[in-house]
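Right, one structure below, let's go through it.
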Amino acid sequence: MRKFGKSQIIMTSLFAVAFLGALPAIAQELGDVLGTGDLGQIKNDFDSYAANLRDYLTNYNNSVKTFQPLEVQIQLGITDSSGSLDLPNPVSAPESIRNQIVQYSISDKFETNPAIYGSIVSNEVNRYIIRGSADTLLGADGQVRLKNKLEATQNIVRNAEKSFQEAQAKIQQMPLPIPSNNDIMSTQARGILAVAQLQLESIQIQKDQSKLMAEMLGRTIQSQNDLQYTNLNLANISQQNEDSNRARRVEAAAEVARLLRVTSQTDLFRRSSAAPSLESPPPDSENNPPDSENSPPPVLEPGE
């Protein structure tokens, strides 16, 4: 009985040592999964986003469709205001473009006031940047980036679960040591099993953390997408309000022009009515006696 217990302890110790030797590899593998892949390439992801946004904003067709005939000035203003991350400054870019419009008295067929026209164009630049950001995140390239990130997150969770199950299976295969009085080896085996159990709990914590981080990342991506839709809706509302204000200004200008035209016609009619007649006035018998030669003979009364 004593020999059996000692051999069982020796076998348990060997399994425990082997398991403890495998635990660092499992933990390292799990750490590599959590720290590598698409989720670890933060700067690369942002550089890709910035490049797509810059391509959208500096695309000539997009500029012509939105800002013609100021597409060149708009592109120069956006490019000059970009910082070290190649992102346009949403404050200085519209301001510089508005200052150029006011300085050179640029206007269009609807807005003859350069100050008002500059404000309209600067607001459109902000909406243009918002649309570019939404297209960058939710467009074709943006969806590819999000898909890769979500797939990498799913793989991390799957690998973490697999690593935990493998470690749990290995510790369950370890035979339990038979208690033996005054047996140092039995104490060591139980200590090794306790350490192995702690290592397994550590792997479980890492697995749960990977699930939590994956859930948080998924919610962050969804919130970011919802925010882009909200920004687009706000941009559309701003555009509608500006179009309404422009329509009111055009209508008011047309009404003023119509009133001026009617007033001018009325004034001309009054002047033409008050002008003296070109025909000669009738002769005045007192001041201008009729000519005897041309005047008809007087009518004689009966009895004269």
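We label chains A, B, ... in the order they appear in the structure tokens, count residues from 1 in each chain, and number ligands from 1 in the order shown.
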Check your understanding: What are the DSSP alpha helix (DSSP H) residues of range 42-195 of chain A, as a ChimeraX atom specification?
Key -> /A:42-57,60-67,71-80,92-103,114-138,140-172,184-195
Please produce a file of those selected residues containing C-alpha atoms, as a tab-separated table (two decimals), in the first residue's frame.
```tsv
chain	number	residue	atom	x	y	z
A	42	ILE	CA	-3.75	50.74	-34.13
A	43	LYS	CA	-1.55	53.13	-36.08
A	44	ASN	CA	-1.93	51.13	-39.28
A	45	ASP	CA	-5.70	51.25	-38.95
A	46	PHE	CA	-5.66	55.00	-38.38
A	47	ASP	CA	-3.25	55.58	-41.25
A	48	SER	CA	-5.56	53.63	-43.54
A	49	TYR	CA	-8.53	55.69	-42.35
A	50	ALA	CA	-6.66	58.97	-42.86
A	51	ALA	CA	-5.55	57.92	-46.35
A	52	ASN	CA	-9.11	57.03	-47.39
A	53	LEU	CA	-10.46	60.30	-45.99
A	54	ARG	CA	-7.79	62.31	-47.78
A	55	ASP	CA	-8.57	60.51	-51.05
A	56	TYR	CA	-12.25	61.34	-50.69
A	57	LEU	CA	-11.72	65.01	-49.86
A	60	TYR	CA	-11.65	66.08	-58.12
A	61	ASN	CA	-15.06	64.67	-59.04
A	62	ASN	CA	-16.32	65.03	-55.48
A	63	SER	CA	-15.08	68.61	-55.31
A	64	VAL	CA	-16.59	69.57	-58.67
A	65	LYS	CA	-19.93	68.04	-57.75
A	66	THR	CA	-20.08	69.98	-54.49
A	67	PHE	CA	-18.17	73.24	-54.96
A	71	GLU	CA	-13.23	73.20	-56.41
A	72	VAL	CA	-9.58	74.26	-56.79
A	73	GLN	CA	-9.72	76.73	-53.88
A	74	ILE	CA	-11.50	74.16	-51.73
A	75	GLN	CA	-8.91	71.46	-52.36
A	76	LEU	CA	-6.07	73.88	-51.66
A	77	GLY	CA	-7.73	75.04	-48.43
A	78	ILE	CA	-8.27	71.49	-47.20
A	79	THR	CA	-4.73	70.41	-48.13
A	80	ASP	CA	-3.07	73.45	-46.55
A	92	SER	CA	-9.07	76.49	-40.06
A	93	ALA	CA	-10.06	74.97	-43.42
A	94	PRO	CA	-13.53	76.58	-43.60
A	95	GLU	CA	-12.19	79.81	-42.10
A	96	SER	CA	-9.42	80.19	-44.68
A	97	ILE	CA	-11.84	79.53	-47.54
A	98	ARG	CA	-14.35	82.05	-46.16
A	99	ASN	CA	-11.61	84.68	-45.84
A	100	GLN	CA	-10.58	84.14	-49.47
A	101	ILE	CA	-14.16	84.57	-50.68
A	102	VAL	CA	-14.59	87.81	-48.72
A	103	GLN	CA	-11.15	89.13	-49.67
A	114	PRO	CA	-19.46	87.80	-50.48
A	115	ALA	CA	-19.83	87.61	-46.68
A	116	ILE	CA	-22.99	85.52	-46.90
A	117	TYR	CA	-21.56	83.43	-49.72
A	118	GLY	CA	-18.37	82.78	-47.75
A	119	SER	CA	-20.38	81.61	-44.74
A	120	ILE	CA	-22.42	79.27	-46.95
A	121	VAL	CA	-19.32	77.75	-48.55
A	122	SER	CA	-17.55	77.31	-45.21
A	123	ASN	CA	-20.56	75.47	-43.82
A	124	GLU	CA	-20.58	73.27	-46.90
A	125	VAL	CA	-16.90	72.46	-46.31
A	126	ASN	CA	-17.76	71.18	-42.82
A	127	ARG	CA	-20.55	69.04	-44.25
A	128	TYR	CA	-18.14	67.82	-46.93
A	129	ILE	CA	-15.68	66.65	-44.26
A	130	ILE	CA	-18.49	64.90	-42.34
A	131	ARG	CA	-19.62	63.05	-45.46
A	132	GLY	CA	-16.03	62.08	-46.19
A	133	SER	CA	-15.59	60.67	-42.69
A	134	ALA	CA	-18.81	58.67	-42.98
A	135	ASP	CA	-17.78	57.33	-46.37
A	136	THR	CA	-14.35	56.40	-45.00
A	137	LEU	CA	-15.78	54.42	-42.09
A	138	LEU	CA	-18.85	52.92	-43.75
A	140	ALA	CA	-16.19	49.78	-49.14
A	141	ASP	CA	-12.71	50.15	-47.65
A	142	GLY	CA	-14.07	51.01	-44.22
A	143	GLN	CA	-16.29	47.94	-44.15
A	144	VAL	CA	-13.32	45.76	-45.07
A	145	ARG	CA	-11.38	47.15	-42.11
A	146	LEU	CA	-14.32	46.60	-39.76
A	147	LYS	CA	-14.84	43.08	-41.06
A	148	ASN	CA	-11.19	42.17	-40.51
A	149	LYS	CA	-11.27	43.62	-37.02
A	150	LEU	CA	-14.42	41.75	-36.06
A	151	GLU	CA	-13.10	38.49	-37.47
A	152	ALA	CA	-9.82	38.94	-35.60
A	153	THR	CA	-11.76	39.61	-32.40
A	154	GLN	CA	-13.82	36.49	-32.91
A	155	ASN	CA	-10.68	34.44	-33.48
A	156	ILE	CA	-9.14	35.79	-30.28
A	157	VAL	CA	-12.16	34.74	-28.25
A	158	ARG	CA	-12.22	31.33	-29.92
A	159	ASN	CA	-8.49	30.73	-29.33
A	160	ALA	CA	-8.73	31.87	-25.73
A	161	GLU	CA	-11.54	29.43	-25.11
A	162	LYS	CA	-9.56	26.66	-26.78
A	163	SER	CA	-6.47	27.39	-24.69
A	164	PHE	CA	-8.48	27.27	-21.49
A	165	GLN	CA	-10.12	23.97	-22.42
A	166	GLU	CA	-6.74	22.41	-23.22
A	167	ALA	CA	-5.28	23.51	-19.89
A	168	GLN	CA	-8.35	22.30	-18.04
A	169	ALA	CA	-8.15	18.89	-19.77
A	170	LYS	CA	-4.49	18.50	-18.85
A	171	ILE	CA	-5.04	19.28	-15.18
A	172	GLN	CA	-7.96	16.89	-15.04
A	184	ILE	CA	7.38	15.04	1.79
A	185	MET	CA	6.74	14.01	-1.82
A	186	SER	CA	2.98	14.01	-1.23
A	187	THR	CA	3.19	17.54	0.11
A	188	GLN	CA	5.18	18.67	-2.89
A	189	ALA	CA	2.70	17.06	-5.28
A	190	ARG	CA	-0.21	18.79	-3.62
A	191	GLY	CA	1.70	22.06	-3.84
A	192	ILE	CA	2.36	21.54	-7.52
A	193	LEU	CA	-1.32	20.79	-8.10
A	194	ALA	CA	-2.27	23.97	-6.25
A	195	VAL	CA	0.07	26.01	-8.45
```
Could you give me, as a tab-separated table, a per-residue list for range 92-142 of chain A showing, wherever an atom lies at most 12 Å from an atom of range 248-251 of chain A, the closest pair of atoms and their distance in Å to one decimal, using only C-alpha atoms and sorting by chain then residue number from low to high?
```
residue	atom	partner	partner_atom	distance
A:Lys109	CA	A:Val250	CA	10.1
A:Phe110	CA	A:Val250	CA	6.9
A:Glu111	CA	A:Val250	CA	8.3
A:Thr112	CA	A:Val250	CA	10.5
A:Asn113	CA	A:Arg249	CA	11.2
A:Ile116	CA	A:Arg249	CA	10.8
```
Check your understanding: How many Å separate CA of Asn231 in chain A from CA of Leu87 in chain A?
Key -> 17.6 Å
